[in-house]
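Visitor: Have a peek at coords_26.cif (mmCIF, C-alpha atoms (C1' of nucleotides)).
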data_run
#
loop_
_atom_site.label_atom_id
_atom_site.label_comp_id
_atom_site.auth_asym_id
_atom_site.auth_seq_id
_atom_site.Cartn_x
_atom_site.Cartn_y
_atom_site.Cartn_z
CA MET H 129 118.19 76.91 65.14
CA HIS H 130 118.16 80.72 65.05
CA GLU H 131 114.47 81.19 64.40
CA LEU H 132 113.52 82.35 67.87
CA LEU H 133 116.35 84.85 68.03
CA SER H 134 115.46 86.41 64.69
CA LEU H 135 111.84 86.60 65.72
CA ASN H 136 112.76 88.17 69.00
CA VAL H 137 114.96 90.77 67.37
CA ARG H 138 112.40 91.59 64.73
CA GLN H 139 109.82 92.25 67.42
CA LYS H 140 111.90 95.19 68.60
CA ILE H 141 113.68 96.48 65.52
CA SER H 142 113.55 95.88 61.78
CA LEU H 143 116.37 94.12 60.00
CA SER H 144 117.15 93.65 56.33
CA THR H 145 117.46 90.10 55.08
CA GLN H 146 121.23 90.50 54.86
CA GLU H 147 121.43 91.82 58.37
CA GLU H 148 119.38 88.92 59.59
CA GLU H 149 121.82 86.50 57.95
CA LEU H 150 124.76 88.46 59.28
CA LEU H 151 123.31 88.42 62.77
CA LYS H 152 123.38 84.63 62.90
CA THR H 153 127.11 84.52 62.23
CA PHE H 154 127.89 86.09 65.58
CA PHE H 155 126.48 83.26 67.65
CA ILE H 156 127.78 79.89 68.72
CA PRO H 157 125.16 77.15 69.21
CA LYS H 158 125.56 75.18 72.40
CA LYS H 159 123.59 72.37 73.99
CA LEU H 160 123.45 71.82 77.71
CA ARG H 161 122.00 68.83 79.46
CA LYS H 162 119.95 69.15 82.60
CA LYS H 163 122.09 70.09 85.61
CA GLN H 164 125.01 71.25 83.50
CA PHE H 165 126.44 74.69 84.12
CA LEU H 166 126.95 77.56 81.73
CA LEU H 167 128.73 79.49 84.47
CA GLN H 168 130.05 78.67 87.92
CA GLU H 169 130.90 80.96 90.79
CA GLY H 170 134.41 82.33 90.51
CA GLU H 171 134.60 81.99 86.74
CA VAL H 172 134.46 84.96 84.40
CA CYS H 173 131.20 85.02 82.46
CA GLN H 174 132.38 84.61 78.85
CA TYR H 175 128.99 84.55 77.20
CA ALA H 176 125.63 86.13 76.94
CA ALA H 177 123.19 83.34 76.18
CA PHE H 178 119.94 83.40 74.26
CA VAL H 179 117.68 80.46 75.10
CA GLU H 180 116.29 78.70 72.03
CA LYS H 181 115.01 75.77 74.02
CA GLY H 182 114.93 74.66 77.62
CA LEU H 183 115.01 76.39 80.97
CA LEU H 184 117.90 77.81 82.97
CA ARG H 185 118.37 79.63 86.21
CA SER H 186 120.97 81.94 87.68
CA TYR H 187 121.53 81.87 91.41
CA THR H 188 123.91 82.62 94.24
CA VAL H 189 124.85 80.42 97.17
CA ASP H 190 125.15 82.09 100.58
CA LYS H 191 127.41 81.23 103.52
CA LYS H 192 124.93 78.70 104.88
CA GLY H 193 124.73 76.96 101.53
CA ASN H 194 121.28 78.27 100.68
CA GLU H 195 120.55 79.07 97.06
CA HIS H 196 118.90 82.30 95.97
CA ILE H 197 117.55 82.40 92.46
CA LEU H 198 117.98 85.68 90.64
CA GLN H 199 116.52 84.68 87.33
CA PHE H 200 114.83 81.99 85.34
CA ALA H 201 115.31 82.00 81.58
CA MET H 202 113.21 80.04 79.14
CA GLU H 203 112.72 80.09 75.36
CA GLY H 204 113.20 83.58 73.98
CA TRP H 205 114.97 84.96 77.06
CA TRP H 206 118.54 85.99 77.60
CA ILE H 207 120.67 84.93 80.52
CA SER H 208 124.14 86.01 81.61
CA ASP H 209 125.97 87.71 84.43
CA LEU H 210 126.00 91.19 82.97
CA PHE H 211 128.54 92.52 85.42
CA SER H 212 131.07 89.77 84.92
CA PHE H 213 130.45 89.65 81.16
CA TYR H 214 131.08 93.34 80.84
CA SER H 215 133.84 93.88 83.36
CA GLY H 216 135.75 90.62 83.05
CA GLU H 217 135.59 90.19 86.82
CA PRO H 218 134.84 86.75 88.30
CA SER H 219 131.16 86.06 88.77
CA VAL H 220 129.26 85.40 91.98
CA TYR H 221 126.50 83.63 90.08
CA MET H 222 125.88 80.11 88.93
CA ILE H 223 123.97 79.55 85.68
CA GLU H 224 122.56 76.07 85.38
CA ALA H 225 120.30 74.24 82.95
CA MET H 226 117.17 73.00 84.70
CA GLU H 227 116.08 71.20 81.54
CA ASP H 228 118.07 70.08 78.50
CA ALA H 229 118.72 73.32 76.68
CA GLU H 230 119.79 74.76 73.34
CA LEU H 231 121.54 78.09 73.54
CA LEU H 232 123.00 80.69 71.24
CA LEU H 233 126.11 82.14 72.81
CA ILE H 234 127.91 85.34 72.03
CA LYS H 235 131.31 86.34 73.41
CA LYS H 236 132.02 89.82 74.62
CA ASP H 237 134.27 90.95 71.78
CA ARG H 238 131.87 89.50 69.23
CA TYR H 239 129.08 91.34 70.97
CA GLU H 240 130.94 94.62 70.48
CA ASP H 241 131.57 93.66 66.85
CA LEU H 242 127.89 92.97 66.40
CA LEU H 243 126.96 96.44 67.64
CA GLN H 244 129.40 97.88 65.11
CA ALA H 245 128.19 95.71 62.27
CA ILE H 246 124.48 96.22 62.89
CA PRO H 247 124.05 99.51 64.76
CA SER H 248 120.33 99.03 65.25
CA MET H 249 121.16 96.14 67.56
CA GLU H 250 122.16 98.81 70.02
CA ARG H 251 118.50 99.72 70.13
CA TYR H 252 117.45 96.09 70.47
CA PHE H 253 119.64 95.61 73.51
CA ARG H 254 118.58 98.92 74.99
CA LEU H 255 114.94 97.87 74.81
CA LEU H 256 115.80 94.45 76.18
CA LEU H 257 117.64 95.95 79.14
CA GLN H 258 114.86 98.44 79.69
CA ASN H 259 112.21 95.74 79.93
CA ASN H 260 114.44 93.68 82.13
CA LEU H 261 115.04 96.63 84.43
CA ILE H 262 111.33 97.38 84.67
CA ALA H 263 110.63 93.78 85.62
CA THR H 264 113.48 93.63 88.12
CA GLN H 265 112.42 96.88 89.78
CA ARG H 266 108.91 95.56 90.08
CA ARG H 267 110.15 92.36 91.66
CA LEU H 268 112.34 94.30 94.08
CA ASN H 269 109.46 96.55 95.04
CA ASP H 270 107.30 93.51 95.65
CA LYS H 271 109.98 91.96 97.83
CA LEU H 272 110.26 95.21 99.79
CA SER H 273 106.54 95.58 100.33
CA LEU H 274 104.72 92.26 100.25
CA PRO H 275 104.54 89.32 102.66
CA ALA H 276 105.35 85.82 101.44
CA GLU H 277 101.79 84.84 100.56
CA GLU H 278 101.20 87.84 98.34
CA LEU H 279 104.54 87.38 96.63
CA TYR H 280 103.46 83.88 95.71
CA LEU H 281 99.99 84.91 94.54
CA LYS H 282 101.46 87.65 92.38
CA LEU H 283 103.89 85.21 90.82
CA ILE H 284 101.28 82.65 89.87
CA ASP H 285 98.99 85.15 88.27
CA THR H 286 101.57 87.13 86.35
CA CYS H 287 103.69 84.35 85.03
CA ASP H 288 102.06 80.96 84.93
CA SER H 289 104.59 79.04 82.86
CA ILE H 290 107.30 79.34 85.51
CA PRO H 291 105.34 77.61 88.31
CA GLN H 292 104.43 74.85 85.86
CA ARG H 293 107.99 74.05 84.88
CA VAL H 294 109.82 74.75 88.11
CA PRO H 295 109.80 72.66 91.31
CA GLN H 296 108.33 74.39 94.34
CA HIS H 297 111.48 74.66 96.35
CA MET H 298 112.96 76.72 93.54
CA ILE H 299 109.91 78.95 93.41
CA ALA H 300 110.48 79.51 97.11
CA SER H 301 114.11 80.33 96.47
CA PHE H 302 113.08 82.77 93.73
CA LEU H 303 110.69 84.52 96.11
CA GLY H 304 113.24 84.63 98.91
CA ILE H 305 111.36 82.36 101.31
CA THR H 306 111.94 78.81 102.51
CA ARG H 307 110.38 75.78 100.91
CA GLU H 308 108.59 75.02 104.16
CA THR H 309 106.97 78.43 104.27
CA LEU H 310 105.84 78.09 100.66
CA SER H 311 104.44 74.66 101.35
CA ARG H 312 102.38 76.06 104.24
CA ILE H 313 101.16 79.00 102.21
CA ARG H 314 99.94 76.64 99.50
CA LYS H 315 98.16 74.53 102.06
CA GLN H 316 96.37 77.55 103.48
CA LEU H 317 95.42 78.80 100.04
CA SER H 318 94.00 75.48 98.94
CA SER H 319 91.94 75.07 102.12
CA SER H 320 90.57 78.62 102.01
CA HIS H 321 89.78 78.16 98.33
CA LYS H 322 87.71 75.04 98.97
CA LYS H 323 85.16 76.90 101.11
CA MET Y 138 123.19 124.25 83.92
CA HIS Y 139 123.93 121.32 81.60
CA GLU Y 140 127.49 120.68 82.68
CA LEU Y 141 126.85 117.52 84.65
CA LEU Y 142 124.75 115.99 81.90
CA SER Y 143 127.39 116.60 79.25
CA LEU Y 144 130.04 115.21 81.52
CA ASN Y 145 127.96 112.17 82.26
CA VAL Y 146 127.30 111.50 78.58
CA ARG Y 147 130.92 112.00 77.62
CA GLN Y 148 131.95 109.43 80.19
CA LYS Y 149 130.11 106.79 78.19
CA ILE Y 150 130.28 107.94 74.57
CA SER Y 151 132.09 110.62 72.58
CA LEU Y 152 130.19 113.58 71.16
CA SER Y 153 131.21 116.28 68.72
CA THR Y 154 130.91 119.87 69.90
CA GLN Y 155 127.84 120.36 67.74
CA GLU Y 156 126.22 117.24 69.09
CA GLU Y 157 126.89 118.42 72.58
CA GLU Y 158 125.14 121.69 71.84
CA LEU Y 159 122.33 119.91 70.09
CA LEU Y 160 121.89 117.60 73.04
CA LYS Y 161 121.09 120.46 75.38
CA THR Y 162 118.18 121.62 73.24
CA PHE Y 163 116.21 118.50 74.07
CA PHE Y 164 115.95 119.21 77.77
CA ILE Y 165 113.73 121.42 79.88
CA PRO Y 166 115.29 122.80 83.08
CA LYS Y 167 113.08 122.50 86.11
CA LYS Y 168 113.52 123.37 89.76
CA LEU Y 169 111.76 121.56 92.55
CA ARG Y 170 111.66 122.59 96.15
CA LYS Y 171 111.98 120.09 98.95
CA LYS Y 172 108.84 117.92 99.27
CA GLN Y 173 107.53 118.80 95.84
CA PHE Y 174 106.61 116.00 93.48
CA LEU Y 175 107.81 115.28 90.00
CA LEU Y 176 105.31 112.44 89.71
CA GLN Y 177 102.38 111.24 91.79
CA GLU Y 178 100.68 107.89 91.84
CA GLY Y 179 98.01 107.61 89.16
CA GLU Y 180 99.60 110.16 86.85
CA VAL Y 181 101.37 109.24 83.64
CA CYS Y 182 105.10 109.79 83.92
CA GLN Y 183 105.75 112.48 81.28
CA TYR Y 184 109.43 112.93 81.89
CA ALA Y 185 112.73 111.25 82.39
CA ALA Y 186 114.71 113.46 84.75
CA PHE Y 187 118.43 113.98 85.05
CA VAL Y 188 119.47 115.37 88.43
CA GLU Y 189 121.83 118.35 88.19
CA LYS Y 190 121.47 119.19 91.83
CA GLY Y 191 119.62 117.89 94.86
CA LEU Y 192 118.24 114.54 95.92
CA LEU Y 193 115.04 112.75 94.94
CA ARG Y 194 113.40 109.46 95.72
CA SER Y 195 110.86 107.23 94.01
CA TYR Y 196 108.58 105.15 96.19
CA THR Y 197 105.31 103.29 96.39
CA VAL Y 198 102.70 103.40 99.14
CA ASP Y 199 101.12 100.11 100.17
CA LYS Y 200 97.61 99.37 101.49
CA LYS Y 201 98.65 100.09 105.07
CA GLY Y 202 100.11 103.44 104.06
CA ASN Y 203 103.72 102.34 104.39
CA GLU Y 204 106.21 103.77 101.95
CA HIS Y 205 108.73 101.62 100.09
CA ILE Y 206 111.61 103.39 98.44
CA LEU Y 207 112.69 101.99 95.09
CA GLN Y 208 115.35 104.52 94.26
CA PHE Y 209 117.29 107.52 95.43
CA ALA Y 210 118.68 109.86 92.78
CA MET Y 211 121.31 112.47 93.41
CA GLU Y 212 123.54 114.61 91.21
CA GLY Y 213 124.40 112.82 87.98
CA TRP Y 214 121.65 110.21 88.28
CA TRP Y 215 118.47 109.70 86.29
CA ILE Y 216 115.06 109.16 87.79
CA SER Y 217 111.76 108.27 86.17
CA ASP Y 218 109.12 105.58 86.07
CA LEU Y 219 110.41 103.76 83.03
CA PHE Y 220 107.30 101.68 82.57
CA SER Y 221 104.87 104.58 82.69
CA PHE Y 222 107.17 106.82 80.65
CA TYR Y 223 107.44 104.26 77.94
CA SER Y 224 103.95 102.79 77.91
CA GLY Y 225 101.88 105.87 78.76
CA GLU Y 226 100.14 103.90 81.51
CA PRO Y 227 99.47 105.56 84.89
CA SER Y 228 102.29 105.17 87.36
CA VAL Y 229 102.27 103.42 90.71
CA TYR Y 230 105.26 105.45 91.90
CA MET Y 231 105.72 108.79 93.57
CA ILE Y 232 108.82 110.82 92.74
CA GLU Y 233 109.58 113.47 95.31
CA ALA Y 234 112.36 115.96 95.94
CA MET Y 235 114.00 115.33 99.31
CA GLU Y 236 116.14 118.44 98.89
CA ASP Y 237 115.70 121.49 96.66
CA ALA Y 238 116.58 120.19 93.24
CA GLU Y 239 117.51 121.23 89.73
CA LEU Y 240 116.50 118.84 87.01
CA LEU Y 241 116.78 118.44 83.28
CA LEU Y 242 113.61 116.93 81.92
CA ILE Y 243 112.98 115.21 78.64
CA LYS Y 244 109.58 114.20 77.29
CA LYS Y 245 108.99 110.90 75.62
CA ASP Y 246 108.60 112.13 72.05
CA ARG Y 247 111.64 114.36 72.44
CA TYR Y 248 113.53 111.37 73.78
CA GLU Y 249 112.71 109.47 70.61
CA ASP Y 250 113.75 112.50 68.56
CA LEU Y 251 117.02 112.65 70.44
CA LEU Y 252 117.82 109.05 69.61
CA GLN Y 253 117.17 109.86 65.94
CA ALA Y 254 119.21 113.05 66.02
CA ILE Y 255 122.20 111.62 67.88
CA PRO Y 256 122.25 107.87 67.30
CA SER Y 257 125.13 107.30 69.68
CA MET Y 258 122.81 108.32 72.50
CA GLU Y 259 121.24 104.94 71.99
CA ARG Y 260 124.49 103.50 73.27
CA TYR Y 261 124.60 105.95 76.16
CA PHE Y 262 121.18 104.88 77.35
CA ARG Y 263 121.96 101.24 76.81
CA LEU Y 264 124.99 101.51 79.08
CA LEU Y 265 123.00 103.50 81.59
CA LEU Y 266 120.28 100.87 81.70
CA GLN Y 267 122.83 98.12 81.89
CA ASN Y 268 124.53 99.61 84.94
CA ASN Y 269 121.20 100.29 86.53
CA LEU Y 270 120.09 96.71 85.92
CA ILE Y 271 123.29 95.32 87.40
CA ALA Y 272 122.81 97.44 90.52
CA THR Y 273 119.13 96.56 90.85
CA GLN Y 274 119.82 92.84 90.45
CA ARG Y 275 122.47 93.06 93.11
CA ARG Y 276 120.09 94.83 95.46
CA LEU Y 277 117.39 92.26 94.80
CA ASN Y 278 119.81 89.42 95.43
CA ASP Y 279 120.85 91.04 98.69
CA LYS Y 280 117.23 91.41 99.73
CA LEU Y 281 116.63 87.75 98.89
CA SER Y 282 119.62 86.47 100.79
CA LEU Y 283 120.66 88.78 103.62
CA PRO Y 284 119.17 89.58 107.04
CA ALA Y 285 118.43 93.20 107.96
CA GLU Y 286 121.73 93.87 109.69
CA GLU Y 287 123.82 92.77 106.75
CA LEU Y 288 121.69 94.76 104.34
CA TYR Y 289 122.43 97.82 106.37
CA LEU Y 290 126.15 97.14 106.66
CA LYS Y 291 126.40 96.56 102.93
CA LEU Y 292 124.63 99.82 102.23
CA ILE Y 293 126.86 101.92 104.41
CA ASP Y 294 130.04 100.55 102.99
CA THR Y 295 129.10 100.59 99.34
CA CYS Y 296 127.42 103.94 99.13
CA ASP Y 297 128.27 106.31 101.90
CA SER Y 298 126.73 109.51 100.54
CA ILE Y 299 123.20 108.17 100.77
CA PRO Y 300 123.23 107.46 104.53
CA GLN Y 301 124.70 110.93 105.06
CA ARG Y 302 121.97 112.78 103.22
CA VAL Y 303 118.96 110.61 103.96
CA PRO Y 304 117.09 110.29 107.27
CA GLN Y 305 117.20 106.88 108.87
CA HIS Y 306 113.57 106.00 108.48
CA MET Y 307 114.02 106.35 104.73
CA ILE Y 308 117.10 104.15 104.77
CA ALA Y 309 114.93 101.61 106.53
CA SER Y 310 112.26 101.99 103.89
CA PHE Y 311 114.90 101.56 101.17
CA LEU Y 312 116.11 98.35 102.79
CA GLY Y 313 112.61 97.02 103.27
CA ILE Y 314 112.68 96.99 107.08
CA THR Y 315 110.98 99.14 109.72
CA ARG Y 316 112.55 102.20 111.26
CA GLU Y 317 112.41 100.52 114.67
CA THR Y 318 114.35 97.51 113.45
CA LEU Y 319 116.97 99.75 111.89
CA SER Y 320 117.25 101.76 115.08
CA ARG Y 321 117.89 98.59 117.07
CA ILE Y 322 120.43 97.30 114.58
CA ARG Y 323 122.35 100.54 114.84
CA LYS Y 324 122.29 100.36 118.60
CA GLN Y 325 123.67 96.82 118.55
CA LEU Y 326 126.37 97.75 116.07
CA SER Y 327 127.53 100.75 118.05
CA SER Y 328 127.69 98.79 121.30
CA SER Y 329 129.56 95.87 119.75
CA HIS Y 330 131.93 98.28 118.08
CA LYS Y 331 132.82 99.96 121.35
CA LYS Y 332 134.25 96.78 122.84
"C1'" DT A 572 113.38 44.92 91.91
"C1'" DA A 573 115.66 47.00 95.52
"C1'" DA A 574 117.88 51.08 96.55
"C1'" DT A 575 118.58 55.81 96.23
"C1'" DC A 576 117.19 60.39 95.70
"C1'" DA A 577 114.60 64.56 94.75
"C1'" DG A 578 110.53 66.84 95.97
"C1'" DC A 579 106.99 67.89 99.08
"C1'" DG A 580 104.47 67.98 103.52
"C1'" DT A 581 104.26 68.82 108.52
"C1'" DG A 582 104.93 69.43 113.61
"C1'" DA A 583 107.59 71.67 117.28
"C1'" DT A 584 110.31 75.28 118.32
"C1'" DA A 585 113.38 79.33 117.66
"C1'" DA A 586 114.68 83.58 115.70
"C1'" DA A 587 113.87 87.70 113.21
"C1'" DT A 588 111.16 91.34 112.41
"C1'" DG A 589 106.92 94.04 112.91
"C1'" DT A 590 103.50 96.70 115.67
"C1'" DC A 591 102.04 99.91 119.00
"C1'" DA A 592 102.55 103.27 122.37
"C1'" DC A 593 105.30 106.33 124.33
"C1'" DT A 594 109.60 109.32 125.26
"C1'" DT A 595 113.55 111.88 123.93
"C1'" DT A 596 116.27 114.39 120.73
"C1'" DT A 597 116.99 117.27 116.97
"C1'" DG A 598 115.92 120.50 113.60
"C1'" DT A 599 113.22 124.34 111.62
"C1'" DC A 600 111.38 128.64 111.27
"C1'" DA A 601 108.10 132.35 112.72
"C1'" DT B 1335 114.29 132.20 121.25
"C1'" DG B 1336 110.46 129.56 121.81
"C1'" DA B 1337 107.30 126.47 119.80
"C1'" DC B 1338 106.27 123.01 116.89
"C1'" DA B 1339 107.29 119.26 113.84
"C1'" DA B 1340 110.15 115.64 112.31
"C1'" DA B 1341 113.27 112.13 113.43
"C1'" DA B 1342 115.04 108.77 116.35
"C1'" DG B 1343 115.06 105.63 120.48
"C1'" DT B 1344 112.86 102.10 123.31
"C1'" DG B 1345 110.01 98.63 125.85
"C1'" DA B 1346 106.37 95.05 125.60
"C1'" DC B 1347 104.30 92.14 122.86
"C1'" DA B 1348 102.52 89.95 118.39
"C1'" DT B 1349 103.33 88.00 114.06
"C1'" DT B 1350 105.85 86.16 110.46
"C1'" DT B 1351 109.18 83.37 108.88
"C1'" DA B 1352 113.09 80.19 109.57
"C1'" DT B 1353 115.05 75.99 111.38
"C1'" DC B 1354 115.32 71.27 112.39
"C1'" DA B 1355 113.81 66.73 112.30
"C1'" DC B 1356 111.20 63.46 110.29
"C1'" DG B 1357 107.96 60.88 107.10
"C1'" DC B 1358 105.89 60.01 102.65
"C1'" DT B 1359 105.76 59.47 97.62
"C1'" DG B 1360 107.12 58.81 93.05
"C1'" DA B 1361 110.80 58.71 89.75
"C1'" DT B 1362 115.34 57.01 88.41
"C1'" DT B 1363 118.75 53.70 88.08
"C1'" DA B 1364 122.10 50.15 89.57
#
Just give me the structure of the file as structure tokens.

Guide:
Amino acid sequence: MHELLSLNVRQKISLSTQEEELLKTFFIPKKLRKKQFLLQEGEVCQYAAFVEKGLLRSYTVDKKGNEHILQFAMEGWWISDLFSFYSGEPSVYMIEAMEDAELLLIKKDRYEDLLQAIPSMERYFRLLLQNNLIATQRRLNDKLSLPAEELYLKLIDTCDSIPQRVPQHMIASFLGITRETLSRIRKQLSSSHKK
Amino acid sequence: MHELLSLNVRQKISLSTQEEELLKTFFIPKKLRKKQFLLQEGEVCQYAAFVEKGLLRSYTVDKKGNEHILQFAMEGWWISDLFSFYSGEPSVYMIEAMEDAELLLIKKDRYEDLLQAIPSMERYFRLLLQNNLIATQRRLNDKLSLPAEELYLKLIDTCDSIPQRVPQHMIASFLGITRETLSRIRKQLSSSHKK
DNA sequence: TAATCAGCGTGATAAATGTCACTTTTGTCA
DNA sequence: TGACAAAAGTGACATTTATCACGCTGATTA
């Protein structure tokens, strides 16, 4: 069950065999079925979740009822509402399983304990946050500077597993465009590609 | 010179007096005059910069020559191109002083040394990255879900010092809209407020 | 197997935002 | 202080994207 997590940690820092065993004791395994929620708007985010299997998304719902996807998380990724997790404030995000999923959860106080028990985990999480920030900044910059079509093109050639596992209307929601616009962009692309 | 940095660090972690002195030795003071660059597109980002005084921005320039501002950094903030700094790859960002500025710079290898010398700095940077990620995610979510007017309103009531120190066309560029659109939004707001 | 639903496509139209050209205002500094 | 540059405003128009309404298809399930 914890293989992916260990692997993931060992890619960033080195752990002794004891530490690796110790690490596992901090996590609670949890299964979610498709369409179940790990977190709903208004709740406090109790857990940070590492995805061993499956695919999840975090999203907000605006006044008109439209969903806006902040993040997808598949095998080897973390998902949580950092702000709510850390501050104890209610969350504005929903976290939902898009496929049956197996997670490893850690609660906030256990997370702090973990950093005490294995100080090098501080480094692991720093690197994790750093990579996440780099990726999020890049996505923001793209959203600030690129039209819908280029956003889509950039997505499909940087990260091909997402478009394969995720329905189009959710890709649209991730890019911040409507499903209709995405559908038209794809039509245009396929016709201009045929020439 | 290093007062703000010490203060900033001590807000997140506790340091002994020796550590605090030691900390200072890792940084190079640097002054920039308005419109000077800390980093230009194509260069490798050598430094992470802590702002003691002044105001800087990081931005990209697209094919049409339009600028898109990723970040402002004022007193007590960090600015850098994390990806380039960490990977040694050329940067796509420009970092420019918008006001005369005083910075504390740290090079990558010295940064690694610092983390060795004062392990609790690992925690400091983790918390820094975490807060930065939370803010960037929030900004991305806003950009995905809100129209121009609401983006602007949200900016002026969350962070009032930026609009005061930054010309409007750069606010527009930060929000990902044109200066004309922002100008019209402001006109509308002022007329509807008068009623 | 019929019924329902999620996902995708598409046409007509509306709304938001961008572009371009120009003017006015404000700020800077020689 | 005068001259120049930068910033901001504005009108006309173009483009992009959203909205709404509807149809089609394939999967799920009652």

Visitor: Select residues of chain B: the criterion is any atom within 10 Å of an atom of chain H, counting all atoms listed in the file; output as an MDAnalysis selection string.

Guide: chainID B and resid 1350:1353

Visitor: Can you spell out as a tab-separated table (two decimals) with C-alpha atoms, in the frame of the given file the set of residues that the PyMOL selection byres ((chain H) within 10 of (chain A)) selects in the structure I just provided?

Guide:
chain	number	residue	atom	x	y	z
H	295	PRO	CA	109.80	72.66	91.31
H	296	GLN	CA	108.33	74.39	94.34
H	297	HIS	CA	111.48	74.66	96.35
H	307	ARG	CA	110.38	75.78	100.91
H	308	GLU	CA	108.59	75.02	104.16
H	311	SER	CA	104.44	74.66	101.35
H	312	ARG	CA	102.38	76.06	104.24
H	315	LYS	CA	98.16	74.53	102.06

Visitor: Need to verify the contact set: Gly304 in chain H, 10 Å, all atoms listed in the file, exclusion of same-chain residues closer than 6 positions in sequence. Can you return it as a ChimeraX atom specification?

Guide: /H:195-198,271,276,279,298 /Y:277-283

Visitor: Using Å and a single decimal, report how far CA of Phe164 in chain Y sits from CA of Ser217 in chain Y.

Guide: 14.4 Å

Visitor: So what does the PyMOL selection byres ((chain H) within 10 of (chain Y)) actually pick up in this one, as a PyMOL selection string?

Guide: chain H and resi 187-191+194-199+209-212+214+243+247-274+301-305

Visitor: On this file, the PyMOL selection byres ((chain H and resi 151) around 10) gives some set of residues; write that set as a ChimeraX atom specification.

Guide: /H:130,133-134,137,143,145-150,152-155,242,245-246,249

Visitor: Restrict the selected residues to C-alpha atoms and save them as a CSV table (one decimal), in the coordinates of the input.

Guide:
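Writing done, so here's selection.csv:
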chain,number,residue,atom,x,y,z
H,130,HIS,CA,118.2,80.7,65.0
H,133,LEU,CA,116.4,84.8,68.0
H,134,SER,CA,115.5,86.4,64.7
H,137,VAL,CA,115.0,90.8,67.4
H,143,LEU,CA,116.4,94.1,60.0
H,145,THR,CA,117.5,90.1,55.1
H,146,GLN,CA,121.2,90.5,54.9
H,147,GLU,CA,121.4,91.8,58.4
H,148,GLU,CA,119.4,88.9,59.6
H,149,GLU,CA,121.8,86.5,58.0
H,150,LEU,CA,124.8,88.5,59.3
H,152,LYS,CA,123.4,84.6,62.9
H,153,THR,CA,127.1,84.5,62.2
H,154,PHE,CA,127.9,86.1,65.6
H,155,PHE,CA,126.5,83.3,67.6
H,242,LEU,CA,127.9,93.0,66.4
H,245,ALA,CA,128.2,95.7,62.3
H,246,ILE,CA,124.5,96.2,62.9
H,249,MET,CA,121.2,96.1,67.6

Visitor: Given the point (120.5, 109.2, 86.1) in the coordinates of this file, which residues lie within 9 Å, counting only C-alpha atoms (C1' of nucleotides), and how would they look as a list in words?

Guide: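 Residues close enough to count: Asn145, Ala185, Ala186, Phe187, Val188, Ala210, Met211, Glu212, Gly213, Trp214, Trp215, Ile216, Ser217, Leu265 and Asn269 of chain Y.
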
Visitor: Just the number, please: distance in Å from CA of Leu160 in chain H to CA of Asp237 in chain H, one decimal.

Guide: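 Between these atoms lies a distance of 22.8 Å.
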
Visitor: Mind giving me the straight-line distance from CA of Met231 in chain Y to CA of Thr286 in chain H in Å, one decimal?

Guide: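 These two atoms are separated by 23.2 Å.
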
Visitor: Could you tell me, as a VMD selection string, which residues have any atom at most 12 Å from (95.2, 109.9, 87.8), counting only C-alpha atoms (C1' of nucleotides)?

Guide: chain Y and resid 176 to 182 225 to 230

Visitor: Box time for range 202-219 of chain Y: axis-aligned, enclosing all its listed atoms, 5 Å extra on each side; report centre and edge lengths in Å to one decimal, as lines of an AutoDock Vina configuration file.

Guide:
center_x = 112.3
center_y = 108.1
center_z = 93.7
size_x = 34.3
size_y = 23.0
size_z = 31.4
